[in-house]
Each structure stands twice: as C-alpha cells, then as structure tokens.
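Participant: Sharing target_22.csv below, CSV, C-alpha atoms:
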```csv
chain,number,residue,atom,x,y,z
A,1,MET,CA,16.5,-78.9,-13.3
A,2,LYS,CA,14.2,-80.0,-16.1
A,3,ILE,CA,10.6,-78.8,-16.0
A,4,ALA,CA,8.1,-79.8,-18.6
A,5,THR,CA,4.5,-79.2,-19.7
A,6,TYR,CA,2.6,-81.8,-21.7
A,7,ASN,CA,-1.0,-81.9,-22.8
A,8,VAL,CA,-1.3,-85.6,-22.8
A,9,ASN,CA,-4.8,-85.7,-24.3
A,10,GLY,CA,-6.1,-88.6,-22.2
A,11,VAL,CA,-3.7,-89.9,-19.6
A,12,ASN,CA,-5.0,-93.4,-19.6
A,13,GLY,CA,-5.3,-93.8,-23.4
A,14,ARG,CA,-1.8,-92.3,-23.9
A,15,LEU,CA,-0.2,-93.9,-20.8
A,16,PRO,CA,2.3,-96.0,-22.8
A,17,VAL,CA,3.5,-92.8,-24.6
A,18,LEU,CA,3.7,-90.9,-21.4
A,19,LEU,CA,5.7,-93.6,-19.7
A,20,ARG,CA,8.0,-94.0,-22.6
A,21,TRP,CA,8.7,-90.2,-22.7
A,22,LEU,CA,9.3,-90.1,-18.9
A,23,GLU,CA,11.9,-92.8,-19.2
A,24,GLU,CA,13.6,-91.2,-22.2
A,25,ALA,CA,13.5,-87.5,-21.1
A,26,ARG,CA,13.7,-88.0,-17.3
A,27,PRO,CA,12.2,-84.6,-16.4
A,28,ASP,CA,12.3,-83.5,-12.8
A,29,ILE,CA,8.9,-81.9,-12.8
A,30,VAL,CA,6.0,-82.4,-15.3
A,31,CYS,CA,2.8,-80.5,-15.7
A,32,LEU,CA,0.1,-82.6,-17.4
A,33,GLN,CA,-3.1,-81.3,-19.0
A,34,GLU,CA,-6.3,-82.7,-20.4
A,35,LEU,CA,-6.2,-85.9,-18.3
A,36,LYS,CA,-9.7,-86.9,-19.3
A,37,ALA,CA,-9.9,-89.0,-16.2
A,38,THR,CA,-11.8,-88.9,-12.9
A,39,GLN,CA,-9.9,-88.4,-9.7
A,40,GLU,CA,-10.3,-92.2,-9.0
A,41,ASN,CA,-9.1,-93.2,-12.5
A,42,PHE,CA,-5.8,-91.4,-12.6
A,43,PRO,CA,-3.0,-94.1,-13.2
A,44,ILE,CA,-1.1,-93.3,-10.0
A,45,ALA,CA,0.4,-96.8,-9.7
A,46,ALA,CA,2.0,-96.6,-13.1
A,47,ILE,CA,3.3,-93.1,-12.5
A,48,GLN,CA,4.8,-94.1,-9.2
A,49,GLY,CA,6.3,-97.2,-10.9
A,50,ALA,CA,8.0,-94.8,-13.2
A,51,GLY,CA,9.6,-93.0,-10.2
A,52,TYR,CA,7.3,-90.0,-9.8
A,53,GLY,CA,5.2,-88.6,-7.1
A,54,ALA,CA,2.0,-86.9,-8.2
A,55,ILE,CA,-0.9,-84.7,-7.4
A,56,TRP,CA,-3.9,-84.3,-9.8
A,57,HIS,CA,-7.2,-82.7,-10.2
A,58,GLY,CA,-9.3,-85.0,-12.4
A,59,GLN,CA,-12.6,-84.6,-14.2
A,60,LYS,CA,-14.8,-87.0,-16.2
A,61,SER,CA,-14.5,-87.0,-20.0
A,62,TRP,CA,-12.4,-83.8,-20.3
A,63,ASN,CA,-10.1,-81.3,-18.6
A,64,GLY,CA,-7.9,-82.4,-15.7
A,65,VAL,CA,-4.4,-81.3,-14.6
A,66,ALA,CA,-1.6,-83.0,-12.7
A,67,ILE,CA,1.9,-82.2,-11.4
A,68,LEU,CA,4.5,-85.0,-11.3
A,69,ALA,CA,7.9,-84.8,-9.5
A,70,ARG,CA,10.7,-87.3,-9.9
A,71,GLY,CA,11.6,-89.0,-6.7
A,72,ILE,CA,9.4,-86.9,-4.4
A,73,GLU,CA,5.8,-86.0,-3.6
A,74,PRO,CA,4.7,-82.5,-4.8
A,75,GLN,CA,3.3,-80.4,-1.9
A,76,GLU,CA,0.0,-79.1,-3.0
A,77,THR,CA,-0.7,-75.4,-2.3
A,78,ARG,CA,-3.8,-74.8,-4.4
A,79,ARG,CA,-6.5,-76.8,-6.2
A,80,GLY,CA,-8.6,-74.7,-8.6
A,81,LEU,CA,-8.1,-71.2,-9.8
A,82,PRO,CA,-9.5,-68.5,-7.4
A,83,GLY,CA,-12.1,-65.9,-8.5
A,84,ASP,CA,-15.2,-67.9,-9.4
A,85,PRO,CA,-16.5,-70.5,-6.9
A,86,ASP,CA,-19.1,-71.7,-9.5
A,87,ASP,CA,-16.4,-72.8,-11.9
A,88,LEU,CA,-16.1,-76.5,-11.5
A,89,HIS,CA,-13.7,-77.2,-14.4
A,90,SER,CA,-10.5,-79.0,-13.4
A,91,ARG,CA,-8.0,-76.6,-15.0
A,92,TYR,CA,-5.6,-75.5,-12.3
A,93,ILE,CA,-3.4,-77.1,-9.7
A,94,GLU,CA,-0.4,-75.7,-7.8
A,95,ALA,CA,2.4,-77.2,-5.7
A,96,ALA,CA,5.8,-76.5,-4.1
A,97,VAL,CA,8.3,-78.8,-5.7
A,98,LYS,CA,12.1,-78.8,-5.1
A,99,GLY,CA,12.1,-75.1,-4.0
A,100,ILE,CA,9.9,-73.8,-6.8
A,101,LEU,CA,6.2,-73.0,-6.9
A,102,ILE,CA,4.6,-74.8,-9.9
A,103,GLY,CA,1.3,-73.7,-11.3
A,104,CYS,CA,-0.1,-76.2,-13.9
A,105,LEU,CA,-2.9,-74.8,-16.0
A,106,TYR,CA,-5.2,-75.7,-18.9
A,107,LEU,CA,-6.8,-72.5,-20.2
A,108,PRO,CA,-10.1,-72.9,-22.0
A,109,ASN,CA,-10.2,-73.3,-25.8
A,110,GLY,CA,-12.9,-70.7,-26.2
A,111,ASN,CA,-14.4,-71.7,-29.6
A,112,PRO,CA,-16.7,-70.9,-31.1
A,113,ALA,CA,-15.9,-67.2,-30.9
A,114,PRO,CA,-17.7,-65.0,-30.2
A,115,GLY,CA,-19.9,-66.8,-27.8
A,116,LEU,CA,-20.3,-68.0,-24.2
A,117,LYS,CA,-17.3,-70.3,-24.4
A,118,PHE,CA,-15.2,-67.4,-25.6
A,119,GLU,CA,-16.5,-65.1,-22.8
A,120,TYR,CA,-15.6,-67.9,-20.3
A,121,LYS,CA,-12.1,-68.0,-21.7
A,122,LEU,CA,-11.6,-64.3,-21.3
A,123,ARG,CA,-12.9,-64.4,-17.8
A,124,TRP,CA,-10.5,-67.3,-17.0
A,125,PHE,CA,-7.6,-65.2,-18.4
A,126,GLU,CA,-8.6,-62.4,-16.1
A,127,ARG,CA,-8.6,-64.8,-13.1
A,128,ILE,CA,-5.2,-66.4,-13.9
A,129,THR,CA,-3.7,-62.9,-14.5
A,130,ALA,CA,-5.0,-61.7,-11.0
A,131,HIS,CA,-3.6,-64.9,-9.4
A,132,ALA,CA,-0.3,-64.5,-11.2
A,133,ALA,CA,0.0,-61.0,-9.8
A,134,GLU,CA,-0.3,-62.4,-6.3
A,135,LEU,CA,2.3,-65.0,-7.0
A,136,LEU,CA,4.7,-62.4,-8.3
A,137,ALA,CA,4.1,-60.2,-5.2
A,138,SER,CA,5.2,-63.1,-3.0
A,139,GLY,CA,8.7,-63.0,-4.4
A,140,ALA,CA,8.8,-66.8,-4.7
A,141,PRO,CA,10.4,-68.6,-7.6
A,142,VAL,CA,7.3,-69.5,-9.8
A,143,VAL,CA,6.8,-71.4,-13.0
A,144,LEU,CA,3.3,-71.2,-14.7
A,145,ALA,CA,3.3,-74.0,-17.2
A,146,GLY,CA,0.6,-75.5,-19.3
A,147,ASP,CA,-1.7,-75.3,-22.4
A,148,TYR,CA,-2.6,-71.7,-22.6
A,149,ASN,CA,-4.6,-72.2,-25.9
A,150,VAL,CA,-3.2,-69.0,-27.3
A,151,MET,CA,-0.7,-68.3,-30.1
A,152,PRO,CA,0.9,-65.0,-28.9
A,153,THR,CA,2.2,-63.8,-32.2
A,154,GLU,CA,2.1,-64.6,-35.9
A,155,LEU,CA,5.5,-66.4,-35.4
A,156,ASP,CA,3.6,-69.0,-33.3
A,157,VAL,CA,1.1,-70.2,-35.9
A,158,TYR,CA,1.4,-71.8,-39.3
A,159,LYS,CA,-0.5,-69.6,-41.9
A,160,PRO,CA,-1.8,-67.0,-39.3
A,161,GLU,CA,-4.3,-65.6,-41.9
A,162,ARG,CA,-6.3,-68.8,-41.5
A,163,TRP,CA,-6.7,-68.3,-37.7
A,164,LEU,CA,-7.8,-64.7,-37.5
A,165,ASP,CA,-11.3,-65.5,-36.1
A,166,ASP,CA,-10.3,-68.5,-34.0
A,167,ALA,CA,-10.5,-68.2,-30.2
A,168,LEU,CA,-6.8,-69.2,-29.9
A,169,PHE,CA,-5.7,-66.2,-32.1
A,170,ARG,CA,-8.2,-63.5,-31.7
A,171,PRO,CA,-6.8,-60.1,-30.7
A,172,GLU,CA,-8.6,-60.2,-27.3
A,173,VAL,CA,-6.8,-63.4,-26.4
A,174,ARG,CA,-3.4,-62.3,-27.6
A,175,GLU,CA,-3.8,-59.1,-25.7
A,176,ALA,CA,-4.8,-61.0,-22.6
A,177,PHE,CA,-1.6,-63.1,-22.9
A,178,ARG,CA,0.5,-59.9,-23.4
A,179,HIS,CA,-1.1,-58.3,-20.4
A,180,LEU,CA,-0.2,-61.4,-18.3
A,181,VAL,CA,3.4,-61.5,-19.4
A,182,ALA,CA,3.8,-57.8,-19.0
A,183,GLN,CA,3.5,-58.3,-15.2
A,184,GLY,CA,7.1,-59.4,-15.3
A,185,TRP,CA,6.9,-63.0,-16.5
A,186,THR,CA,9.4,-64.5,-19.0
A,187,ASP,CA,8.1,-66.6,-21.9
A,188,ALA,CA,10.9,-69.2,-21.6
A,189,LEU,CA,10.8,-70.7,-25.0
A,190,ARG,CA,10.6,-67.4,-26.8
A,191,GLN,CA,13.3,-65.9,-24.6
A,192,LEU,CA,15.9,-68.4,-25.9
A,193,HIS,CA,14.5,-68.7,-29.4
A,194,PRO,CA,13.3,-65.2,-30.3
A,195,GLY,CA,13.0,-65.5,-34.0
A,196,GLU,CA,12.3,-69.2,-34.6
A,197,ARG,CA,9.1,-70.9,-35.7
A,198,ILE,CA,8.6,-73.4,-32.9
A,199,TYR,CA,5.4,-75.3,-32.5
A,200,THR,CA,4.0,-77.5,-29.7
A,201,PHE,CA,0.8,-78.7,-31.3
A,202,TRP,CA,0.0,-80.3,-34.6
A,203,ASP,CA,-3.6,-81.3,-35.4
A,204,TYR,CA,-4.5,-84.9,-36.3
A,205,PHE,CA,-6.1,-83.8,-39.5
A,206,ARG,CA,-4.7,-82.9,-42.9
A,207,ASN,CA,-1.3,-84.4,-42.2
A,208,ALA,CA,-0.4,-81.4,-40.1
A,209,TYR,CA,2.6,-83.0,-38.3
A,210,ALA,CA,4.3,-84.1,-41.5
A,211,ARG,CA,3.7,-80.7,-43.1
A,212,ASP,CA,4.8,-78.9,-39.9
A,213,ALA,CA,1.6,-77.0,-39.9
A,214,GLY,CA,1.7,-76.4,-36.1
A,215,LEU,CA,0.8,-74.0,-33.3
A,216,ARG,CA,2.8,-72.8,-30.2
A,217,ILE,CA,0.1,-72.9,-27.5
A,218,ASP,CA,2.0,-74.6,-24.6
A,219,HIS,CA,4.0,-72.1,-22.6
A,220,LEU,CA,6.2,-71.9,-19.5
A,221,LEU,CA,6.3,-68.5,-17.8
A,222,LEU,CA,9.0,-67.8,-15.3
A,223,SER,CA,8.9,-65.2,-12.4
A,224,PRO,CA,11.7,-62.7,-12.2
A,225,SER,CA,13.2,-64.5,-9.2
A,226,ILE,CA,13.8,-67.6,-11.3
A,227,ALA,CA,14.1,-66.3,-14.9
A,228,GLY,CA,17.9,-65.8,-14.5
A,229,ARG,CA,18.3,-69.5,-14.0
A,230,LEU,CA,17.0,-70.3,-17.5
A,231,ARG,CA,19.6,-72.4,-19.4
A,232,GLY,CA,17.6,-74.2,-22.1
A,233,ALA,CA,14.1,-74.5,-23.6
A,234,LYS,CA,13.0,-77.1,-26.2
A,235,VAL,CA,10.0,-79.0,-27.6
A,236,ASP,CA,10.4,-82.8,-27.8
A,237,ARG,CA,8.6,-82.7,-31.2
A,238,HIS,CA,9.6,-86.2,-32.1
A,239,VAL,CA,7.2,-87.5,-29.5
A,240,ARG,CA,4.3,-86.2,-31.6
A,241,GLY,CA,5.4,-88.7,-34.3
A,242,TRP,CA,5.0,-91.7,-32.0
A,243,GLU,CA,2.1,-94.2,-32.4
A,244,LYS,CA,-1.1,-93.3,-30.6
A,245,THR,CA,0.4,-90.1,-29.3
A,246,SER,CA,-1.1,-86.8,-28.2
A,247,ASP,CA,-1.6,-83.9,-30.7
A,248,HIS,CA,0.8,-81.9,-28.4
A,249,ALA,CA,4.5,-82.5,-27.8
A,250,PRO,CA,6.2,-82.2,-24.5
A,251,THR,CA,7.8,-78.7,-24.0
A,252,TRP,CA,10.5,-78.2,-21.4
A,253,ILE,CA,13.0,-75.8,-19.8
A,254,ASP,CA,16.3,-76.4,-18.1
A,255,LEU,CA,17.0,-74.3,-15.0
A,256,GLY,CA,20.5,-73.9,-13.5
A,257,LYS,CA,21.1,-74.0,-9.8
A,258,LYS,CA,19.8,-71.4,-7.4
A,259,THR,CA,22.5,-68.8,-6.8
A,260,LYS,CA,21.0,-67.0,-3.8
A,261,PRO,CA,18.3,-67.7,-1.1
A,262,HIS,CA,14.8,-67.3,-2.4
A,263,ILE,CA,11.8,-65.7,-0.7
A,264,GLY,CA,8.7,-67.5,0.6
A,265,GLY,CA,10.1,-70.6,2.2
A,266,LEU,CA,9.1,-72.9,-0.7
```
Translate the structure of the given file into structure tokens.
Facilitator:
Amino acid sequence: MKIATYNVNGVNGRLPVLLRWLEEARPDIVCLQELKATQENFPIAAIQGAGYGAIWHGQKSWNGVAILARGIEPQETRRGLPGDPDDLHSRYIEAAVKGILIGCLYLPNGNPAPGLKFEYKLRWFERITAHAAELLASGAPVVLAGDYNVMPTELDVYKPERWLDDALFRPEVREAFRHLVAQGWTDALRQLHPGERIYTFWDYFRNAYARDAGLRIDHLLLSPSIAGRLRGAKVDRHVRGWEKTSDHAPTWIDLGKKTKPHIGGL
C-alpha cells in the first residue's frame, strides 16, 4: 500500500500537477496540505474523475488539508486538532482508510521567531503530541503524515548554519519533534535512509531546486502496530521540477500486507 503526503501549495492552481502525479504514481492514500481553497472551492469533481474519494477541511487564502483514497471514500474520524476550541486554522483532518487511521497535518511555520507565531507553533506541537499519545494508546495502525515544518537534524537541511534562528530549525522545535517521535513513532523516511541527505522542499528563490539546496520538512510517522510493514520510502523529487509545480515534492511510503489482526476495528 502506497501512502503519500504532498504540500500542494494551492490545490486549484496546481491541479494539473496534482492530477498528473496521481496518474503517474497511483498512490492508494494521499494527504494534501496548504489547499488554499475554501470548503466550497475544493476541486472534488476533478479528484473523483482521477479515481479518488476525498475528505477535506478548507480555508480561504491559506492552510487547508485533505485526505484522498483511491477507489473508496475515506471515513472521517476527526476534523481539527483537539486542545484549543479557539483555533480556527484548518490544519488537521483524520480518517479511517483501508484499515489504517490516517492523520493529515499541516503544522504552523512559526516565523518570525521568537514571536506570537512561534509560540502558536509550539502550542500546536504540544497539542499534536497529546493527540498522538491517545492514538498510540488505542493500539490502532496509525500514520501521521504531513508538512511538519521542522528539519529534525542537520542532515535534513542544506547549510544548517544558515537556519539556526529560523522557526523550522530552532532547538525548541527540533526538541518538540524528538519528543513526539519518542512516544514510539517511526520516522519512515529516515528509518530506511538513515544517513542520506534527502529533501522534500526546495524554495522558489535562488535556484534552490537546481542547486539541491533543500529541506526535509514533510514526514510520515508510523505507529508501532504498523511500522513493521514498512517496505519502502521515497521522495518523488522530479515532480518539483515540473512546470507550475509546488515548492514541495510528494513523499511516500510503501507498506506490506497486514500480518495479523489489528486493534480498534478500523
């Protein structure tokens, strides 16, 4: 089973790129971030025409997340991250898909740091960590996929010395990510490529893609009950080179078949 995460950076403006990649890669499940579309303006007809069911949480101008599933409709289990009823950002959606609980997230950028946006990012990290602990306690097979807006280590960023004060690389943010993973999650891409420089994002400026001056900020975390099924993990970096494409590239994992009954009835 192929599960992907892709910050599409505007689902309507990048729709031809998204549809082209869906046809080429044929992922079973896709988590999209940064839809930049209201609930009413999500291109559901085009997505369905490509063979995918979808749920989405839209927002005007920015944010927005969606889960696509090839050939079936995702069964929504949560819309919005718990812990702050006043947070109206569309950054989290969750669904049961093909026996797996999928959490799709778009963690705040947090810049400039320090500042209010950075404080919001750290609070959001605390909330996703608390929710992740509840998901682990359920024993269900879970994948938390999305744009985490954090480079966990120096291996995940081109010229790390230039990013020391950035909200994506500050010590507080990397520690928050380590704390989340330490609950028992597996960072899928790093698990299979422990020593490689692999990036998922290249800025539009300064010819970053051609110079491979990238960042690894899109991650798929696997719960213990599913981590043993991990067979492959890759970034479709060539998609970043397409015309009118996102500044992110699709990142995906391949899971083998389930070997024993799972818990939770998903």
Participant: Could you pull the residues within 9 Å of Asp156 in chain A, counting only C-alpha atoms, minus those fewer than 4 positions along the same chain, as a list in words?
Facilitator: Met151, Pro152, Pro160, Glu196, Arg197, Ile198, Tyr199, Gly214, Leu215, Arg216 and Ile217 of chain A
Participant: Separation of CA of Glu24 in chain A and CA of Arg231 in chain A, in Å?
Facilitator: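 Interatomic distance, CA of Glu24 in chain A to CA of Arg231 in chain A: 19.9 Å.
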Participant: If you count all atoms listed in the file, which residues fall within 12 Å of Glu175 in chain A, apart from same-chain ones fewer than 5 positions away, as an mmCIF file with C-alpha atoms, in the coordinates of the input?
Facilitator:
```
data_model
loop_
_atom_site.group_PDB
_atom_site.id
_atom_site.type_symbol
_atom_site.label_atom_id
_atom_site.label_comp_id
_atom_site.auth_asym_id
_atom_site.auth_seq_id
_atom_site.Cartn_x
_atom_site.Cartn_y
_atom_site.Cartn_z
ATOM 1 C CA LEU A 122 -11.600 -64.300 -21.300
ATOM 2 C CA PHE A 125 -7.600 -65.200 -18.400
ATOM 3 C CA GLU A 126 -8.600 -62.400 -16.100
ATOM 4 C CA THR A 129 -3.700 -62.900 -14.500
ATOM 5 C CA VAL A 150 -3.200 -69.000 -27.300
ATOM 6 C CA MET A 151 -0.700 -68.300 -30.100
ATOM 7 C CA PRO A 152 0.900 -65.000 -28.900
ATOM 8 C CA THR A 153 2.200 -63.800 -32.200
ATOM 9 C CA LEU A 168 -6.800 -69.200 -29.900
ATOM 10 C CA PHE A 169 -5.700 -66.200 -32.100
ATOM 11 C CA ARG A 170 -8.200 -63.500 -31.700
ATOM 12 C CA LEU A 180 -0.200 -61.400 -18.300
ATOM 13 C CA VAL A 181 3.400 -61.500 -19.400
ATOM 14 C CA ALA A 182 3.800 -57.800 -19.000
#
```
Participant: Name the closest residue to Lys159 in chain A among the candidates A:Arg211, A:Arg91, A:Arg78, A:Arg190; distances are taken between atoms, counting only C-alpha atoms.
Facilitator: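 Ranking A:Arg211, A:Arg91, A:Arg78, A:Arg190 by distance to Lys159 in chain A, first place goes to A:Arg211.
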Participant: Do a neighbour search on Ala210 in chain A at 12 Å with all atoms listed in the file, toss out local chain neighbours closer than 5 positions, and write the hits as a list in words.
Facilitator: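 Listing them by chain and then by number gives Trp202, Asp203, Tyr204, Phe205, Arg237, His238, Arg240 and Gly241 of chain A.
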Participant: Limited to C-alpha atoms, could you put the picked residues into a file as an mmCIF file, keeping the file's coordinate frame?
Facilitator:
```cif
data_model
loop_
_atom_site.group_PDB
_atom_site.id
_atom_site.type_symbol
_atom_site.label_atom_id
_atom_site.label_comp_id
_atom_site.auth_asym_id
_atom_site.auth_seq_id
_atom_site.Cartn_x
_atom_site.Cartn_y
_atom_site.Cartn_z
ATOM 1 C CA TRP A 202 0.000 -80.300 -34.600
ATOM 2 C CA ASP A 203 -3.600 -81.300 -35.400
ATOM 3 C CA TYR A 204 -4.500 -84.900 -36.300
ATOM 4 C CA PHE A 205 -6.100 -83.800 -39.500
ATOM 5 C CA ARG A 237 8.600 -82.700 -31.200
ATOM 6 C CA HIS A 238 9.600 -86.200 -32.100
ATOM 7 C CA ARG A 240 4.300 -86.200 -31.600
ATOM 8 C CA GLY A 241 5.400 -88.700 -34.300
#
```
Participant: Which residue is closest to Leu144 in chain A? Choose from A:Gly58, A:Pro108, A:Gly103, A:Gly184 and count only C-alpha atoms.
Facilitator: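 Counting only C-alpha atoms, the residue closest to Leu144 in chain A is A:Gly103.
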Participant: Would you list the contacts of Leu19 in chain A as a list in words, taking every protein, DNA or RNA residue within 12 Å and counting only C-alpha atoms, but skipping same-chain residues closer than 2 positions in sequence?
Facilitator: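 Answer for this query is Val8, Val11, Asn12, Gly13, Arg14, Leu15, Pro16, Val17, Trp21, Leu22, Glu23, Glu24, Ala25, Arg26, Pro27, Pro43, Ile44, Ala45, Ala46, Ile47, Gln48, Gly49, Ala50, Gly51, Tyr52, Val239 and Thr245 of chain A.
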Participant: Need to verify the contact set: His248 in chain A, 6 Å, only C-alpha atoms, exclusion of same-chain residues closer than 6 positions in sequence. Can you return it as a list in words?
Facilitator: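 Non-adjacent residues within range: Asn7, Thr200 and Phe201 of chain A.
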Participant: Go through A:Pro171, A:Gly256, A:Gly53, A:Gly99 one by one, measure the shortest atom-to-atom distance of each to Gly228 in chain A using all atoms listed in the file, and give the residue with the smallest value.
Facilitator: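 Of A:Pro171, A:Gly256, A:Gly53, A:Gly99, the one nearest Gly228 in chain A, counting all atoms listed in the file, is A:Gly256.
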Participant: Restricting the calculation to all atoms listed in the file, which member of A:Lys121, A:His219, A:Lys257, A:Arg162 is positioned closest to Asp187 in chain A?
Facilitator: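 Closest candidate: A:His219.
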Participant: Generate the missing atoms of range 208-218 of chain A up to all heavy atoms and report them as a PDB file, keeping the file's coordinate frame.
Facilitator:
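Wrote it out as rebuild30.pdb, contents follow:
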```pdb
ATOM      1  N   ALA A 208      -1.026 -82.659 -40.602  1.00  0.00           N
ATOM      2  CA  ALA A 208      -0.400 -81.400 -40.100  1.00  0.00           C
ATOM      3  C   ALA A 208       0.995 -81.642 -39.553  1.00  0.00           C
ATOM      4  O   ALA A 208       1.874 -80.794 -39.764  1.00  0.00           O
ATOM      5  CB  ALA A 208      -1.305 -80.856 -38.966  1.00  0.00           C
ATOM      6  N   TYR A 209       1.242 -82.749 -38.879  1.00  0.00           N
ATOM      7  CA  TYR A 209       2.600 -83.000 -38.300  1.00  0.00           C
ATOM      8  C   TYR A 209       3.627 -83.128 -39.397  1.00  0.00           C
ATOM      9  O   TYR A 209       4.701 -82.528 -39.344  1.00  0.00           O
ATOM     10  CB  TYR A 209       2.562 -84.184 -37.385  1.00  0.00           C
ATOM     11  CG  TYR A 209       3.913 -84.514 -36.790  1.00  0.00           C
ATOM     12  CD1 TYR A 209       4.535 -83.649 -35.890  1.00  0.00           C
ATOM     13  CD2 TYR A 209       4.566 -85.697 -37.129  1.00  0.00           C
ATOM     14  CE1 TYR A 209       5.770 -83.954 -35.345  1.00  0.00           C
ATOM     15  CE2 TYR A 209       5.804 -86.006 -36.582  1.00  0.00           C
ATOM     16  CZ  TYR A 209       6.398 -85.130 -35.696  1.00  0.00           C
ATOM     17  OH  TYR A 209       7.635 -85.432 -35.157  1.00  0.00           O
ATOM     18  N   ALA A 210       3.315 -83.922 -40.408  1.00  0.00           N
ATOM     19  CA  ALA A 210       4.300 -84.100 -41.500  1.00  0.00           C
ATOM     20  C   ALA A 210       4.547 -82.860 -42.264  1.00  0.00           C
ATOM     21  O   ALA A 210       5.664 -82.635 -42.742  1.00  0.00           O
ATOM     22  CB  ALA A 210       3.746 -85.220 -42.437  1.00  0.00           C
ATOM     23  N   ARG A 211       3.528 -81.976 -42.352  1.00  0.00           N
ATOM     24  CA  ARG A 211       3.700 -80.700 -43.100  1.00  0.00           C
ATOM     25  C   ARG A 211       4.263 -79.615 -42.149  1.00  0.00           C
ATOM     26  O   ARG A 211       4.526 -78.506 -42.606  1.00  0.00           O
ATOM     27  CB  ARG A 211       2.358 -80.241 -43.623  1.00  0.00           C
ATOM     28  CG  ARG A 211       1.787 -81.133 -44.710  1.00  0.00           C
ATOM     29  CD  ARG A 211       0.550 -80.507 -45.350  1.00  0.00           C
ATOM     30  NE  ARG A 211      -0.552 -80.316 -44.408  1.00  0.00           N
ATOM     31  CZ  ARG A 211      -1.018 -79.128 -44.017  1.00  0.00           C
ATOM     32  NH1 ARG A 211      -0.452 -78.012 -44.449  1.00  0.00           N
ATOM     33  NH2 ARG A 211      -2.040 -79.056 -43.185  1.00  0.00           N
ATOM     34  N   ASP A 212       4.434 -79.929 -40.873  1.00  0.00           N
ATOM     35  CA  ASP A 212       4.800 -78.900 -39.900  1.00  0.00           C
ATOM     36  C   ASP A 212       3.894 -77.752 -39.838  1.00  0.00           C
ATOM     37  O   ASP A 212       4.311 -76.605 -39.700  1.00  0.00           O
ATOM     38  CB  ASP A 212       6.281 -78.474 -40.084  1.00  0.00           C
ATOM     39  CG  ASP A 212       6.866 -77.839 -38.819  1.00  0.00           C
ATOM     40  OD1 ASP A 212       6.403 -78.181 -37.723  1.00  0.00           O
ATOM     41  OD2 ASP A 212       7.779 -76.989 -38.942  1.00  0.00           O
ATOM     42  N   ALA A 213       2.610 -78.048 -39.950  1.00  0.00           N
ATOM     43  CA  ALA A 213       1.600 -77.000 -39.900  1.00  0.00           C
ATOM     44  C   ALA A 213       1.106 -76.965 -38.413  1.00  0.00           C
ATOM     45  O   ALA A 213       0.066 -77.531 -38.061  1.00  0.00           O
ATOM     46  CB  ALA A 213       0.429 -77.348 -40.805  1.00  0.00           C
ATOM     47  N   GLY A 214       1.890 -76.304 -37.576  1.00  0.00           N
ATOM     48  CA  GLY A 214       1.700 -76.400 -36.100  1.00  0.00           C
ATOM     49  C   GLY A 214       1.298 -75.043 -35.492  1.00  0.00           C
ATOM     50  O   GLY A 214       1.166 -74.010 -36.148  1.00  0.00           O
ATOM     51  N   LEU A 215       1.148 -75.116 -34.177  1.00  0.00           N
ATOM     52  CA  LEU A 215       0.800 -74.000 -33.300  1.00  0.00           C
ATOM     53  C   LEU A 215       1.734 -74.030 -32.094  1.00  0.00           C
ATOM     54  O   LEU A 215       2.065 -75.111 -31.618  1.00  0.00           O
ATOM     55  CB  LEU A 215      -0.613 -73.982 -32.867  1.00  0.00           C
ATOM     56  CG  LEU A 215      -1.715 -74.272 -33.885  1.00  0.00           C
ATOM     57  CD1 LEU A 215      -3.050 -74.424 -33.165  1.00  0.00           C
ATOM     58  CD2 LEU A 215      -1.782 -73.168 -34.930  1.00  0.00           C
ATOM     59  N   ARG A 216       2.103 -72.885 -31.556  1.00  0.00           N
ATOM     60  CA  ARG A 216       2.800 -72.800 -30.200  1.00  0.00           C
ATOM     61  C   ARG A 216       1.742 -72.331 -29.245  1.00  0.00           C
ATOM     62  O   ARG A 216       1.488 -71.140 -29.130  1.00  0.00           O
ATOM     63  CB  ARG A 216       3.994 -71.921 -30.270  1.00  0.00           C
ATOM     64  CG  ARG A 216       4.818 -72.000 -28.963  1.00  0.00           C
ATOM     65  CD  ARG A 216       6.085 -71.165 -29.043  1.00  0.00           C
ATOM     66  NE  ARG A 216       5.835 -69.743 -28.849  1.00  0.00           N
ATOM     67  CZ  ARG A 216       5.965 -69.086 -27.696  1.00  0.00           C
ATOM     68  NH1 ARG A 216       6.345 -69.734 -26.604  1.00  0.00           N
ATOM     69  NH2 ARG A 216       5.726 -67.796 -27.629  1.00  0.00           N
ATOM     70  N   ILE A 217       1.167 -73.264 -28.481  1.00  0.00           N
ATOM     71  CA  ILE A 217       0.100 -72.900 -27.500  1.00  0.00           C
ATOM     72  C   ILE A 217       0.470 -73.381 -26.102  1.00  0.00           C
ATOM     73  O   ILE A 217      -0.263 -73.077 -25.161  1.00  0.00           O
ATOM     74  CB  ILE A 217      -1.248 -73.453 -27.931  1.00  0.00           C
ATOM     75  CG1 ILE A 217      -1.228 -74.967 -28.103  1.00  0.00           C
ATOM     76  CG2 ILE A 217      -1.727 -72.771 -29.205  1.00  0.00           C
ATOM     77  CD1 ILE A 217      -2.591 -75.565 -28.461  1.00  0.00           C
ATOM     78  N   ASP A 218       1.573 -74.121 -25.945  1.00  0.00           N
ATOM     79  CA  ASP A 218       2.000 -74.600 -24.600  1.00  0.00           C
ATOM     80  C   ASP A 218       3.185 -73.743 -24.182  1.00  0.00           C
ATOM     81  O   ASP A 218       4.192 -73.642 -24.886  1.00  0.00           O
ATOM     82  CB  ASP A 218       2.414 -76.066 -24.717  1.00  0.00           C
ATOM     83  CG  ASP A 218       1.285 -76.934 -25.246  1.00  0.00           C
ATOM     84  OD1 ASP A 218       0.433 -77.342 -24.443  1.00  0.00           O
ATOM     85  OD2 ASP A 218       1.256 -77.179 -26.475  1.00  0.00           O
TER      86      ASP A 218
END
```
